[in-house]
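Here the structure is laid out as structure tokens; the discussion comes afterwards.
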Amino acid sequence: MNKWDKRFMELTEMVATWSSCYQANRHVGAIIVKDKRVMATGYNGAPAGIQSCEEKGECLRRKLNIESGTKHELCFAVHAEQNAVIQAARSGINTNGSTLYCTHQPCVICAKIIINAGIRRVVYKHGYPDEFSLQLFSEAGVKVEKYEDLEEE
């Protein structure tokens, strides 16, 4: 990892604090970077006009006892990676050839979106129980790296 990876991962972690997810351990942030410039940001939260879990005071997934990494559709939140790609699209930003930094390894749904958005590199800090997403990234030629801050060790 280099100093730019460190800077962008620090920014990603800050963006994660904007999350409206009820579970603090699931505050996820993502940024899309191209040529050392931040193109878009995203964090997990309810779609516009929908009350968030934080506002509702409960997590639907926890209420239904849904195992992490499964049944992604049973959640009010849009994932951070999805929100970053959506923000880029709404702003007319070309993400082809860019890097996506995210606090957590993307799920399979996000992986499909990232691949089709033309993002060529994904850097994440925390793992996620979804091996299929890594398989898709590999087949599509997307470089995936687990972020390791050497200063933390």
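Ligands are numbered from 1 in the order shown, chains are lettered A, B, ... in the order of the structure tokens, and residues start at 1 in each chain.
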request  = Just the residues within 8 Å of segment 97-113 of chain A, please, counting only C-alpha atoms, with nothing from its chain fewer than 5 positions along; format it as an MDAnalysis selection string.
outcome  = chainID A and resid 8:9 12:13 16 28:35 69 79:82 85 118:128 130 132:134 136:137
Writing out the chosen residues with N, CA, C and O atoms as a short mmCIF file (atom, residue, chain, number, x, y, z; two decimals), in the first residue's frame:
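Okay, out07.cif is ready:
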data_model
loop_
_atom_site.label_atom_id
_atom_site.label_comp_id
_atom_site.auth_asym_id
_atom_site.auth_seq_id
_atom_site.Cartn_x
_atom_site.Cartn_y
_atom_site.Cartn_z
N PHE A 8 -6.75 7.76 1.03
CA PHE A 8 -8.10 7.46 0.56
C PHE A 8 -8.85 6.53 1.51
O PHE A 8 -10.05 6.66 1.70
N MET A 9 -8.14 5.60 2.14
CA MET A 9 -8.79 4.72 3.11
C MET A 9 -9.22 5.52 4.34
O MET A 9 -10.31 5.29 4.88
N THR A 12 -12.34 7.21 3.38
CA THR A 12 -13.42 6.22 3.32
C THR A 12 -13.98 5.95 4.71
O THR A 12 -15.19 5.86 4.90
N GLU A 13 -13.08 5.83 5.68
CA GLU A 13 -13.53 5.58 7.06
C GLU A 13 -14.30 6.78 7.61
O GLU A 13 -15.26 6.61 8.36
N ALA A 16 -17.78 6.71 6.20
CA ALA A 16 -18.57 5.67 6.87
C ALA A 16 -19.30 6.22 8.10
O ALA A 16 -20.36 5.71 8.46
N VAL A 28 -20.56 1.63 6.79
CA VAL A 28 -19.70 1.35 5.65
C VAL A 28 -19.57 2.61 4.81
O VAL A 28 -20.55 3.32 4.57
N GLY A 29 -18.35 2.87 4.36
CA GLY A 29 -18.08 4.01 3.49
C GLY A 29 -17.37 3.55 2.24
O GLY A 29 -16.66 2.53 2.25
N ALA A 30 -17.56 4.29 1.15
CA ALA A 30 -16.90 3.99 -0.12
C ALA A 30 -16.59 5.29 -0.85
O ALA A 30 -17.37 6.25 -0.75
N ILE A 31 -15.48 5.30 -1.55
CA ILE A 31 -15.17 6.43 -2.43
C ILE A 31 -14.63 5.89 -3.74
O ILE A 31 -13.99 4.84 -3.77
N ILE A 32 -14.93 6.60 -4.81
CA ILE A 32 -14.42 6.25 -6.13
C ILE A 32 -13.37 7.29 -6.49
O ILE A 32 -13.63 8.50 -6.42
N VAL A 33 -12.19 6.80 -6.88
CA VAL A 33 -11.05 7.66 -7.15
C VAL A 33 -10.50 7.38 -8.54
O VAL A 33 -10.43 6.22 -8.96
N LYS A 34 -10.13 8.45 -9.22
CA LYS A 34 -9.49 8.31 -10.53
C LYS A 34 -8.42 9.38 -10.64
O LYS A 34 -8.69 10.56 -10.35
N ASP A 35 -7.22 9.00 -11.02
CA ASP A 35 -6.11 9.93 -11.16
C ASP A 35 -5.90 10.76 -9.88
O ASP A 35 -5.71 11.98 -9.94
N GLY A 69 -24.05 -11.51 5.35
CA GLY A 69 -23.65 -12.06 4.05
C GLY A 69 -24.77 -12.77 3.30
O GLY A 69 -24.53 -13.33 2.24
N HIS A 79 -26.30 -0.03 -0.15
CA HIS A 79 -24.90 -0.21 0.25
C HIS A 79 -24.04 0.99 -0.18
O HIS A 79 -24.35 1.67 -1.16
N ALA A 80 -22.97 1.21 0.55
CA ALA A 80 -22.07 2.34 0.31
C ALA A 80 -21.53 2.33 -1.12
O ALA A 80 -21.49 3.37 -1.79
N GLU A 81 -21.12 1.16 -1.59
CA GLU A 81 -20.57 1.04 -2.93
C GLU A 81 -21.63 1.41 -3.98
O GLU A 81 -21.34 2.09 -4.96
N GLN A 82 -22.86 0.94 -3.76
CA GLN A 82 -23.96 1.26 -4.67
C GLN A 82 -24.21 2.76 -4.69
O GLN A 82 -24.37 3.36 -5.76
N VAL A 85 -21.51 4.60 -6.73
CA VAL A 85 -21.71 4.45 -8.18
C VAL A 85 -22.92 5.27 -8.63
O VAL A 85 -22.88 5.93 -9.67
N GLY A 118 -17.20 -0.37 -14.62
CA GLY A 118 -15.87 -0.23 -15.20
C GLY A 118 -14.77 0.04 -14.19
O GLY A 118 -13.65 0.39 -14.56
N ILE A 119 -15.08 -0.13 -12.92
CA ILE A 119 -14.08 0.07 -11.87
C ILE A 119 -13.09 -1.09 -11.97
O ILE A 119 -13.49 -2.25 -12.05
N ARG A 120 -11.79 -0.79 -11.99
CA ARG A 120 -10.77 -1.80 -12.25
C ARG A 120 -10.01 -2.27 -11.02
O ARG A 120 -9.28 -3.25 -11.07
N ARG A 121 -10.17 -1.55 -9.90
CA ARG A 121 -9.44 -1.91 -8.67
C ARG A 121 -10.33 -1.62 -7.48
O ARG A 121 -11.00 -0.59 -7.43
N VAL A 122 -10.35 -2.55 -6.52
CA VAL A 122 -11.10 -2.39 -5.28
C VAL A 122 -10.13 -2.60 -4.12
O VAL A 122 -9.41 -3.59 -4.08
N VAL A 123 -10.13 -1.64 -3.19
CA VAL A 123 -9.31 -1.74 -1.99
C VAL A 123 -10.26 -1.70 -0.80
O VAL A 123 -11.06 -0.76 -0.68
N TYR A 124 -10.20 -2.71 0.07
CA TYR A 124 -11.09 -2.76 1.23
C TYR A 124 -10.28 -3.06 2.48
O TYR A 124 -9.17 -3.60 2.41
N LYS A 125 -10.85 -2.71 3.64
CA LYS A 125 -10.14 -2.92 4.90
C LYS A 125 -10.64 -4.15 5.66
O LYS A 125 -9.85 -4.94 6.15
N HIS A 126 -11.94 -4.30 5.79
CA HIS A 126 -12.52 -5.38 6.58
C HIS A 126 -13.14 -6.43 5.67
O HIS A 126 -13.82 -6.09 4.70
N GLY A 127 -12.95 -7.69 6.00
CA GLY A 127 -13.51 -8.78 5.22
C GLY A 127 -15.03 -8.86 5.35
O GLY A 127 -15.64 -8.19 6.19
N TYR A 128 -15.63 -9.69 4.50
CA TYR A 128 -17.07 -9.90 4.50
C TYR A 128 -17.30 -11.33 4.02
O TYR A 128 -16.61 -11.79 3.10
N ASP A 130 -18.43 -13.32 1.82
CA ASP A 130 -19.02 -13.46 0.49
C ASP A 130 -17.92 -13.81 -0.50
O ASP A 130 -17.37 -12.93 -1.18
N PHE A 132 -18.23 -15.48 -3.24
CA PHE A 132 -18.69 -15.39 -4.62
C PHE A 132 -18.34 -14.04 -5.22
O PHE A 132 -17.99 -13.95 -6.40
N SER A 133 -18.40 -12.96 -4.41
CA SER A 133 -18.04 -11.65 -4.94
C SER A 133 -16.58 -11.64 -5.39
O SER A 133 -16.25 -11.08 -6.44
N LEU A 134 -15.70 -12.27 -4.61
CA LEU A 134 -14.28 -12.33 -4.98
C LEU A 134 -14.08 -13.14 -6.26
O LEU A 134 -13.23 -12.80 -7.09
N LEU A 136 -16.27 -13.38 -8.74
CA LEU A 136 -16.71 -12.53 -9.85
C LEU A 136 -15.66 -11.49 -10.20
O LEU A 136 -15.36 -11.26 -11.38
N PHE A 137 -15.09 -10.85 -9.17
CA PHE A 137 -14.03 -9.87 -9.42
C PHE A 137 -12.87 -10.51 -10.18
O PHE A 137 -12.34 -9.94 -11.14
#
remark   = note - atom CA of Glu58 of chain A and atom CA of Tyr22 of chain A are separated by 6.1 Å
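Here atom CA of Ala84 of chain A and atom CA of Lys6 of chain A stand 19.0 Å from one another.
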Counting only C-alpha atoms, the residue of A:Ser20, A:Gln135, A:Asn96, A:Ser91 that sits nearest Ala40 of chain A = A:Ser91
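Taking atom CA of Glu54 of chain A and atom CA of Glu10 of chain A as endpoints, the distance between them is 23.8 Å.
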request  = Can you work out which one of A:Ile114, A:Met14, A:Ile50, A:Val144 has the shortest atom-to-atom distance to Ile86 of chain A, counting only C-alpha atoms?
outcome  =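 Counting only C-alpha atoms, the residue closest to Ile86 of chain A is A:Ile114.
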query = If you run DSSP on this backbone, which residues of segment 74-120 of chain A come out as helix (DSSP H, G or I), and could you give them as a PyMOL selection string?
reply = chain A and resi 80-90+108-116
Same residues, N, CA, C and O atoms, saved as a PDB file, in the first residue's frame:
ATOM      1  N   ALA A  80     -22.971   1.210   0.555  1.00  0.00           N
ATOM      2  CA  ALA A  80     -22.073   2.341   0.311  1.00  0.00           C
ATOM      3  C   ALA A  80     -21.527   2.330  -1.117  1.00  0.00           C
ATOM      4  O   ALA A  80     -21.491   3.373  -1.791  1.00  0.00           O
ATOM      5  N   GLU A  81     -21.122   1.160  -1.586  1.00  0.00           N
ATOM      6  CA  GLU A  81     -20.568   1.044  -2.932  1.00  0.00           C
ATOM      7  C   GLU A  81     -21.627   1.405  -3.980  1.00  0.00           C
ATOM      8  O   GLU A  81     -21.340   2.087  -4.963  1.00  0.00           O
ATOM      9  N   GLN A  82     -22.861   0.944  -3.758  1.00  0.00           N
ATOM     10  CA  GLN A  82     -23.955   1.263  -4.673  1.00  0.00           C
ATOM     11  C   GLN A  82     -24.205   2.764  -4.686  1.00  0.00           C
ATOM     12  O   GLN A  82     -24.375   3.364  -5.756  1.00  0.00           O
ATOM     13  N   ASN A  83     -24.229   3.382  -3.508  1.00  0.00           N
ATOM     14  CA  ASN A  83     -24.467   4.821  -3.434  1.00  0.00           C
ATOM     15  C   ASN A  83     -23.359   5.616  -4.119  1.00  0.00           C
ATOM     16  O   ASN A  83     -23.629   6.638  -4.758  1.00  0.00           O
ATOM     17  N   ALA A  84     -22.113   5.156  -4.021  1.00  0.00           N
ATOM     18  CA  ALA A  84     -21.015   5.853  -4.691  1.00  0.00           C
ATOM     19  C   ALA A  84     -21.175   5.781  -6.210  1.00  0.00           C
ATOM     20  O   ALA A  84     -21.019   6.795  -6.910  1.00  0.00           O
ATOM     21  N   VAL A  85     -21.505   4.601  -6.734  1.00  0.00           N
ATOM     22  CA  VAL A  85     -21.705   4.451  -8.183  1.00  0.00           C
ATOM     23  C   VAL A  85     -22.918   5.272  -8.632  1.00  0.00           C
ATOM     24  O   VAL A  85     -22.878   5.933  -9.672  1.00  0.00           O
ATOM     25  N   ILE A  86     -23.986   5.260  -7.850  1.00  0.00           N
ATOM     26  CA  ILE A  86     -25.186   6.042  -8.189  1.00  0.00           C
ATOM     27  C   ILE A  86     -24.865   7.537  -8.197  1.00  0.00           C
ATOM     28  O   ILE A  86     -25.278   8.265  -9.109  1.00  0.00           O
ATOM     29  N   GLN A  87     -24.124   7.987  -7.186  1.00  0.00           N
ATOM     30  CA  GLN A  87     -23.761   9.411  -7.140  1.00  0.00           C
ATOM     31  C   GLN A  87     -22.945   9.796  -8.376  1.00  0.00           C
ATOM     32  O   GLN A  87     -23.183  10.849  -8.980  1.00  0.00           O
ATOM     33  N   ALA A  88     -21.998   8.944  -8.755  1.00  0.00           N
ATOM     34  CA  ALA A  88     -21.199   9.224  -9.948  1.00  0.00           C
ATOM     35  C   ALA A  88     -22.092   9.300 -11.189  1.00  0.00           C
ATOM     36  O   ALA A  88     -21.976  10.233 -11.992  1.00  0.00           O
ATOM     37  N   ALA A  89     -23.003   8.344 -11.326  1.00  0.00           N
ATOM     38  CA  ALA A  89     -23.899   8.318 -12.487  1.00  0.00           C
ATOM     39  C   ALA A  89     -24.790   9.552 -12.534  1.00  0.00           C
ATOM     40  O   ALA A  89     -24.954  10.169 -13.593  1.00  0.00           O
ATOM     41  N   ARG A  90     -25.348   9.928 -11.393  1.00  0.00           N
ATOM     42  CA  ARG A  90     -26.226  11.113 -11.347  1.00  0.00           C
ATOM     43  C   ARG A  90     -25.483  12.396 -11.686  1.00  0.00           C
ATOM     44  O   ARG A  90     -26.080  13.352 -12.174  1.00  0.00           O
ATOM     45  N   VAL A 108     -21.720  -9.596  -3.218  1.00  0.00           N
ATOM     46  CA  VAL A 108     -21.856 -10.024  -4.608  1.00  0.00           C
ATOM     47  C   VAL A 108     -22.710  -9.038  -5.426  1.00  0.00           C
ATOM     48  O   VAL A 108     -22.416  -8.789  -6.592  1.00  0.00           O
ATOM     49  N   ILE A 109     -23.731  -8.455  -4.830  1.00  0.00           N
ATOM     50  CA  ILE A 109     -24.568  -7.485  -5.553  1.00  0.00           C
ATOM     51  C   ILE A 109     -23.741  -6.259  -5.912  1.00  0.00           C
ATOM     52  O   ILE A 109     -23.756  -5.787  -7.049  1.00  0.00           O
ATOM     53  N   CYS A 110     -22.974  -5.757  -4.947  1.00  0.00           N
ATOM     54  CA  CYS A 110     -22.111  -4.606  -5.206  1.00  0.00           C
ATOM     55  C   CYS A 110     -21.023  -4.961  -6.212  1.00  0.00           C
ATOM     56  O   CYS A 110     -20.671  -4.147  -7.063  1.00  0.00           O
ATOM     57  N   ALA A 111     -20.489  -6.188  -6.125  1.00  0.00           N
ATOM     58  CA  ALA A 111     -19.452  -6.619  -7.065  1.00  0.00           C
ATOM     59  C   ALA A 111     -19.952  -6.524  -8.508  1.00  0.00           C
ATOM     60  O   ALA A 111     -19.241  -6.030  -9.384  1.00  0.00           O
ATOM     61  N   LYS A 112     -21.171  -6.965  -8.748  1.00  0.00           N
ATOM     62  CA  LYS A 112     -21.731  -6.905 -10.099  1.00  0.00           C
ATOM     63  C   LYS A 112     -21.842  -5.465 -10.581  1.00  0.00           C
ATOM     64  O   LYS A 112     -21.538  -5.160 -11.741  1.00  0.00           O
ATOM     65  N   ILE A 113     -22.268  -4.572  -9.707  1.00  0.00           N
ATOM     66  CA  ILE A 113     -22.405  -3.152 -10.059  1.00  0.00           C
ATOM     67  C   ILE A 113     -21.030  -2.541 -10.319  1.00  0.00           C
ATOM     68  O   ILE A 113     -20.836  -1.799 -11.290  1.00  0.00           O
ATOM     69  N   ILE A 114     -20.072  -2.845  -9.452  1.00  0.00           N
ATOM     70  CA  ILE A 114     -18.704  -2.329  -9.595  1.00  0.00           C
ATOM     71  C   ILE A 114     -18.101  -2.784 -10.916  1.00  0.00           C
ATOM     72  O   ILE A 114     -17.491  -1.984 -11.644  1.00  0.00           O
ATOM     73  N   ILE A 115     -18.267  -4.049 -11.250  1.00  0.00           N
ATOM     74  CA  ILE A 115     -17.745  -4.593 -12.510  1.00  0.00           C
ATOM     75  C   ILE A 115     -18.358  -3.856 -13.693  1.00  0.00           C
ATOM     76  O   ILE A 115     -17.651  -3.392 -14.593  1.00  0.00           O
ATOM     77  N   ASN A 116     -19.684  -3.703 -13.705  1.00  0.00           N
ATOM     78  CA  ASN A 116     -20.345  -3.050 -14.833  1.00  0.00           C
ATOM     79  C   ASN A 116     -20.091  -1.550 -14.887  1.00  0.00           C
ATOM     80  O   ASN A 116     -20.245  -0.947 -15.941  1.00  0.00           O
TER      81      ASN A 116
END
Of the listed residues A:Arg7, A:Arg26, A:Arg61, A:Lys143, that which approaches Phe76 of chain A most closely, counting only C-alpha atoms =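 For Phe76 of chain A, the nearest of the given residues is A:Arg61.
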Residue nearest Gly42 of chain A among A:Ala24, A:Ser19, A:Ala140, A:Cys75 (counting only C-alpha atoms) =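 When distances to Gly42 of chain A are compared using only C-alpha atoms, the smallest one comes from A:Ser19.
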